[in-house]
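Listing of data21.txt; format and content: compact mmCIF, C-alpha atoms and all ligand atoms.
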# COMPACT_ATOMS: atom_id res chain seq x y z
CA MET W 15 75.66 87.82 108.10
CA THR W 16 73.08 87.55 105.39
CA ASP W 17 70.34 90.09 105.20
CA ASP W 18 67.94 88.01 103.16
CA THR W 19 65.70 87.01 106.01
CA ALA W 20 62.57 88.57 104.52
CA PRO W 21 60.10 85.73 103.89
CA ARG W 22 59.82 84.62 100.29
CA GLU W 23 57.79 81.97 98.60
CA PHE W 24 59.68 78.72 98.39
CA PRO W 25 60.37 77.71 95.76
CA GLY W 26 60.01 81.33 94.71
CA PRO W 27 59.09 82.53 91.25
CA GLU W 28 61.85 84.21 89.32
CA ARG W 29 62.09 87.80 90.39
CA SER W 30 62.69 88.87 86.78
CA PRO W 31 64.81 87.60 83.92
CA GLU W 32 66.90 90.68 84.50
CA SER W 33 67.94 89.78 88.03
CA ALA W 34 71.40 88.52 88.87
CA LEU W 35 73.58 87.11 91.61
CA VAL W 36 77.25 88.10 91.39
CA LEU W 37 79.96 85.95 92.94
CA PHE W 38 81.71 88.83 94.64
CA SER W 39 84.99 88.10 96.39
CA GLY W 40 86.29 91.65 96.67
CA GLY W 41 88.95 91.14 94.00
CA GLN W 42 89.52 93.05 90.76
CA ASP W 43 87.63 90.59 88.59
CA SER W 44 84.51 90.28 90.71
CA ALA W 45 84.41 94.05 91.28
CA THR W 46 84.37 94.54 87.51
CA CYS W 47 81.67 91.86 87.22
CA LEU W 48 79.53 93.66 89.81
CA ALA W 49 79.73 96.92 87.83
CA TRP W 50 78.95 94.97 84.64
CA ALA W 51 75.85 93.41 86.24
CA LEU W 52 74.63 96.66 87.80
CA ASP W 53 74.91 98.28 84.40
CA ARG W 54 72.69 95.60 82.83
CA TYR W 55 70.25 94.11 85.28
CA ASP W 56 67.43 95.63 87.33
CA HIS W 57 68.17 93.76 90.51
CA VAL W 58 71.61 92.52 91.55
CA GLU W 59 72.56 90.59 94.66
CA THR W 60 76.03 89.45 95.72
CA VAL W 61 77.48 86.40 97.41
CA GLY W 62 80.87 85.93 99.07
CA PHE W 63 82.54 82.81 100.43
CA ALA W 64 84.63 82.36 103.53
CA TYR W 65 86.70 79.26 102.81
CA GLY W 66 89.59 79.70 105.18
CA GLN W 67 91.53 81.73 102.63
CA ARG W 68 94.83 83.20 103.79
CA HIS W 69 93.80 86.48 102.24
CA VAL W 70 90.72 86.76 104.45
CA ILE W 71 91.25 90.52 104.19
CA GLU W 72 89.57 90.10 100.80
CA LEU W 73 86.27 89.60 102.64
CA GLU W 74 86.74 92.80 104.61
CA CYS W 75 87.17 94.71 101.35
CA ARG W 76 83.83 93.49 100.05
CA ASP W 77 81.43 95.80 101.78
CA PRO W 78 83.11 99.17 101.15
CA LEU W 79 83.85 98.11 97.57
CA ARG W 80 80.29 96.91 96.99
CA HIS W 81 78.74 100.14 98.19
CA GLY W 82 81.46 102.21 96.53
CA ILE W 83 80.68 100.69 93.14
CA ALA W 84 76.92 101.05 93.56
CA GLY W 85 77.36 104.70 94.56
CA LEU W 86 79.38 105.61 91.47
CA SER W 87 76.67 105.85 88.89
CA ALA W 88 73.70 108.18 89.20
CA ALA W 89 70.94 106.55 91.27
CA LYS W 90 70.58 103.64 88.84
CA TRP W 91 73.27 101.34 90.24
CA ARG W 92 72.43 102.10 93.87
CA GLU W 93 68.77 101.24 93.39
CA ARG W 94 69.69 98.00 91.66
CA LEU W 95 71.98 96.69 94.37
CA GLY W 96 70.19 94.20 96.59
CA ALA W 97 71.15 91.85 99.41
CA ASP W 98 74.59 90.48 100.12
CA HIS W 99 75.04 86.87 101.21
CA ILE W 100 78.00 85.26 102.94
CA VAL W 101 78.48 81.50 102.84
CA ASP W 102 80.84 80.13 105.45
CA MET W 103 82.71 77.12 104.07
CA ALA W 104 85.85 77.69 106.09
CA THR W 105 85.80 74.46 108.04
CA SER W 106 84.74 72.19 105.20
CA LEU W 107 86.98 73.49 102.41
CA SER W 108 90.15 73.91 104.43
CA ALA W 109 89.62 70.44 105.90
CA ILE W 110 89.30 68.83 102.46
CA GLY W 111 92.02 70.56 100.50
CA ALA W 112 95.21 71.66 102.21
CA THR W 113 96.54 74.06 99.59
CA ALA W 114 98.77 77.12 99.59
CA LEU W 115 95.66 79.29 99.50
CA THR W 116 94.33 77.96 102.78
CA THR W 117 97.50 77.00 104.67
CA ARG W 118 100.87 78.60 105.29
CA THR W 119 102.59 76.64 102.52
CA GLU W 120 104.98 78.29 100.07
CA ILE W 121 103.13 79.14 96.83
CA ALA W 122 104.64 77.01 94.03
CA MET W 123 103.82 74.95 90.96
CA SER W 124 102.97 71.31 91.58
CA ALA W 125 103.89 68.32 89.43
CA ASP W 126 100.64 68.35 87.44
CA GLY W 127 101.34 71.90 86.25
CA LEU W 128 98.79 73.54 88.54
CA PRO W 129 99.83 76.11 91.12
CA ASN W 130 99.40 74.75 94.64
CA THR W 131 96.99 77.61 95.30
CA PHE W 132 94.41 75.49 93.44
CA VAL W 133 91.66 74.50 95.86
CA PRO W 134 90.08 71.39 94.32
CA GLY W 135 86.43 71.86 93.52
CA ARG W 136 86.30 75.38 94.91
CA ASN W 137 84.59 77.09 91.99
CA LEU W 138 82.26 74.14 91.50
CA LEU W 139 81.15 74.43 95.12
CA PHE W 140 80.85 78.21 94.85
CA LEU W 141 78.61 77.91 91.80
CA THR W 142 76.47 75.24 93.44
CA PHE W 143 75.96 77.36 96.56
CA ALA W 144 75.35 80.44 94.42
CA ALA W 145 72.69 78.57 92.42
CA ALA W 146 71.00 77.43 95.64
CA ILE W 147 70.84 81.06 96.78
CA ALA W 148 69.67 82.19 93.34
CA TYR W 149 66.97 79.52 93.45
CA ARG W 150 65.71 80.67 96.84
CA ARG W 151 65.93 84.34 95.91
CA GLY W 152 64.39 83.95 92.46
CA LEU W 153 67.46 85.25 90.61
CA ARG W 154 67.98 84.08 87.06
CA ARG W 155 71.56 85.01 86.16
CA ILE W 156 74.66 83.97 88.04
CA VAL W 157 77.67 86.12 87.23
CA THR W 158 81.20 84.92 87.89
CA GLY W 159 84.55 86.52 87.02
CA VAL W 160 86.29 83.33 85.92
CA CYS W 161 88.60 83.72 82.96
CA GLU W 162 90.25 81.32 80.57
CA THR W 163 92.47 83.86 78.86
CA ASP W 164 94.78 85.13 81.57
CA TYR W 165 94.21 82.73 84.41
CA SER W 166 96.27 80.70 86.79
CA GLY W 167 95.61 77.38 85.06
CA TYR W 168 92.69 76.44 87.28
CA PRO W 169 90.58 73.89 85.37
CA ASP W 170 87.39 75.05 87.08
CA CYS W 171 87.75 78.48 85.43
CA ARG W 172 87.43 77.05 81.93
CA ASP W 173 84.53 77.84 79.66
CA ASP W 174 83.74 74.13 79.22
CA THR W 175 83.53 73.68 82.99
CA ILE W 176 81.13 76.59 83.33
CA LYS W 177 78.93 75.34 80.49
CA ALA W 178 78.80 71.88 82.08
CA MET W 179 77.95 73.43 85.44
CA GLN W 180 75.12 75.44 83.92
CA LEU W 181 73.63 72.26 82.51
CA ALA W 182 74.08 70.31 85.75
CA LEU W 183 72.59 73.09 87.91
CA ASN W 184 69.61 73.55 85.61
CA LEU W 185 68.91 69.82 85.54
CA GLY W 186 69.48 69.39 89.26
CA MET W 187 67.39 72.38 90.34
CA GLN W 188 64.89 72.44 87.50
CA ARG W 189 65.54 76.08 86.67
CA ARG W 190 66.82 78.06 83.71
CA PHE W 191 69.82 79.73 85.27
CA VAL W 192 72.19 81.52 82.95
CA LEU W 193 75.82 81.45 84.04
CA GLU W 194 77.37 84.71 82.86
CA THR W 195 81.14 85.03 82.51
CA PRO W 196 81.87 88.51 81.17
CA LEU W 197 85.64 88.10 81.67
CA MET W 198 86.01 84.63 80.17
CA TRP W 199 87.82 85.86 77.04
CA ARG W 200 89.31 89.04 78.48
CA ASP W 201 92.82 89.25 79.82
CA LYS W 202 93.60 91.41 82.86
CA ALA W 203 94.39 94.44 80.68
CA ALA W 204 91.00 94.10 78.99
CA THR W 205 89.37 93.78 82.41
CA TRP W 206 90.75 97.21 83.38
CA LYS W 207 89.53 98.52 80.04
CA LEU W 208 86.06 97.14 80.75
CA ALA W 209 86.02 98.90 84.14
CA GLN W 210 86.96 102.14 82.42
CA THR W 211 84.13 101.69 79.92
CA LEU W 212 81.57 100.89 82.62
CA GLY W 213 82.43 103.45 85.26
CA GLY W 214 85.19 105.68 83.92
CA ALA W 215 88.22 106.79 85.91
CA ALA W 216 86.26 106.73 89.18
CA LEU W 217 85.55 102.99 88.89
CA VAL W 218 89.13 102.24 87.87
CA GLU W 219 90.43 104.16 90.88
CA LEU W 220 87.99 102.44 93.23
CA ILE W 221 88.97 99.00 91.97
CA ARG W 222 92.66 99.92 92.06
CA THR W 223 92.59 101.02 95.69
CA ALA W 224 89.68 99.15 97.27
CA SER W 225 89.74 95.68 95.66
CA HIS W 226 92.08 92.97 96.85
CA SER W 227 93.93 90.29 94.84
CA CYS W 228 97.11 89.45 96.79
CA TYR W 229 97.16 85.83 97.99
CA LEU W 230 99.19 86.80 101.04
CA GLY W 231 96.65 89.38 102.17
CA ASP W 232 99.23 92.19 102.10
CA ARG W 233 97.61 95.65 102.12
CA SER W 234 100.59 97.52 103.54
CA ARG W 235 101.88 98.87 100.20
CA LEU W 236 99.97 100.74 97.51
CA HIS W 237 101.49 100.14 94.06
CA PRO W 238 100.32 101.80 90.84
CA TRP W 239 98.16 98.68 90.27
CA GLY W 240 96.80 98.46 93.82
CA TYR W 241 97.68 96.95 97.18
CA GLY W 242 99.67 93.73 97.52
CA CYS W 243 102.95 92.02 98.35
CA GLY W 244 104.07 92.54 94.75
CA ALA W 245 105.55 89.03 94.50
CA CYS W 246 102.80 86.37 94.66
CA PRO W 247 101.15 85.02 91.47
CA ALA W 248 97.99 87.10 92.04
CA CYS W 249 100.04 90.30 92.39
CA ASP W 250 102.12 89.37 89.32
CA LEU W 251 99.00 88.88 87.21
CA ARG W 252 97.42 92.08 88.45
CA ARG W 253 100.55 94.17 87.94
CA ALA W 254 101.22 92.79 84.45
CA GLY W 255 97.62 93.44 83.37
CA PHE W 256 97.58 96.96 84.74
CA GLU W 257 100.90 97.83 83.09
CA ARG W 258 99.78 96.39 79.75
CA TRP W 259 96.51 98.33 79.92
CA LYS W 260 98.41 101.54 80.73
CA MET W 261 100.73 100.94 77.77
CA GLU W 262 97.82 100.29 75.44
CA THR W 263 96.07 103.49 76.51
CA ALA W 264 99.20 105.67 76.58
ZN ZN O 1 100.69 89.33 96.62

Before anything else, please render the file you have as structure tokens.
Ligand code: ZN
Amino acid sequence: MTDDTAPREFPGPERSPESALVLFSGGQDSATCLAWALDRYDHVETVGFAYGQRHVIELECRDPLRHGIAGLSAAKWRERLGADHIVDMATSLSAIGATALTTRTEIAMSADGLPNTFVPGRNLLFLTFAAAIAYRRGLRRIVTGVCETDYSGYPDCRDDTIKAMQLALNLGMQRRFVLETPLMWRDKAATWKLAQTLGGAALVELIRTASHSCYLGDRSRLHPWGYGCGACPACDLRRAGFERWKMETA
């Protein structure tokens, strides 16, 4: 499904310091990160991961959302959007970690205080695969929408984890990747605010209706904050953030 088959030197030179690879799942956070990167960098590629997620519908949202975002701004964003890459980890990740995100288990908190939607090592693997693609494609910055402020308690979303990963990837691949986390210190309300700043009401509306967060993959109901079951932790977080943002801007 990747369209990066054009021959490139290997190992390729960096395309430009202003090139980026966005981890783009099709959710609210990564959609905002894509707009953020398109606003800043000359060349932006995206990567998505199939890992056997229950909300596989998220992957189907990616393409329309990706092109929708790039089409919002005058030609600038469209010209900057490059290839999309899909990494299929469905067999490996669902075989290793049976969690509520990849199996039909009830979503709940486990004894160690983490929700059982936590897929061990998932973000570490995503970043490693992303860096391998960035290496091959000559992309310097790797943008991920992880967040420590308003998150689900996943330890691989923490700033310290990302900093350690940046060091490990740079040592292990002998590159100078920069891991960018524009949402790290923003809560979900501030993430909506950032979307408004980057792309105005049109971007907010696109993210509201075309991005997907619900863990159960429910897109049958459109709420003021977007599609979802309205009851899972991802819907809760998204609704609370949207309502807080609306209150702050009222
Ligand atoms: Zn939901």

Exercise. Given a cut-off of 12 Å, what residues near ligand ZN 1 (chain O) show up using all atoms listed in the file, put as a ChimeraX atom specification?
Worked result: /W:68-69,72,115,121,226-237,239-253

Exercise. Quick one: residues within 9 Å of Thr263 in chain W, only C-alpha atoms counted, chain neighbours fewer than 4 positions away excluded, as a ChimeraX atom specification?
Worked result: /W:207,258-259

Problem set entry | Option closest in space to Pro169 in chain W, from W:Gly40, W:Leu212, W:Glu59, W:Leu138 [counting all atoms listed in the file] |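 Answer, going by the shortest atom-to-atom distance: W:Leu138.
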
Problem set entry | Contact residues around range 175-179 of chain W with only C-alpha atoms at 12 Å, ignoring same-chain residues under 3 positions, as a PyMOL selection string | chain W and resi 135+137-145+156-162+168-172+182-187+191-195+198

For this session: Using only C-alpha atoms, find the one residue out of W:Ile71, W:Ala104, W:Leu37, W:Ala45 that sits nearest to Ile83 in chain W.
Result: W:Ala45

Step by step: start from the point (81.3, 100.9, 100.2) in the file's coordinates, keep every protein, DNA or RNA residue that has an atom no farther than 12 Å from it, count all atoms listed in the file, and write the set as a compact mmCIF listing (two decimals) with C-alpha atoms, in the frame of the given file.
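The resulting point-v4.txt:
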# COMPACT_ATOMS: atom_id res chain seq x y z
CA GLY W 40 86.29 91.65 96.67
CA ALA W 45 84.41 94.05 91.28
CA GLU W 74 86.74 92.80 104.61
CA CYS W 75 87.17 94.71 101.35
CA ARG W 76 83.83 93.49 100.05
CA ASP W 77 81.43 95.80 101.78
CA PRO W 78 83.11 99.17 101.15
CA LEU W 79 83.85 98.11 97.57
CA ARG W 80 80.29 96.91 96.99
CA HIS W 81 78.74 100.14 98.19
CA GLY W 82 81.46 102.21 96.53
CA ILE W 83 80.68 100.69 93.14
CA ALA W 84 76.92 101.05 93.56
CA GLY W 85 77.36 104.70 94.56
CA LEU W 86 79.38 105.61 91.47
CA ARG W 92 72.43 102.10 93.87
CA LEU W 95 71.98 96.69 94.37
CA LEU W 220 87.99 102.44 93.23
CA ILE W 221 88.97 99.00 91.97
CA ALA W 224 89.68 99.15 97.27
CA SER W 225 89.74 95.68 95.66

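If only C-alpha atoms are the atoms counted, then among W:Pro196, W:Trp50, W:Ile100, W:Leu35 the closest residue to Phe63 in chain W is W:Ile100.
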
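Every protein or nucleic acid residue with an atom no more than 9 Å from Thr205 in chain W, counting only C-alpha atoms and leaving out same-chain residues fewer than 3 positions away, appears here: Gln42, Asp43, Thr46, Leu197, Arg200, Asp201, Lys202, Leu208, Ala209, Gln210, Gly255 and Trp259 of chain W.
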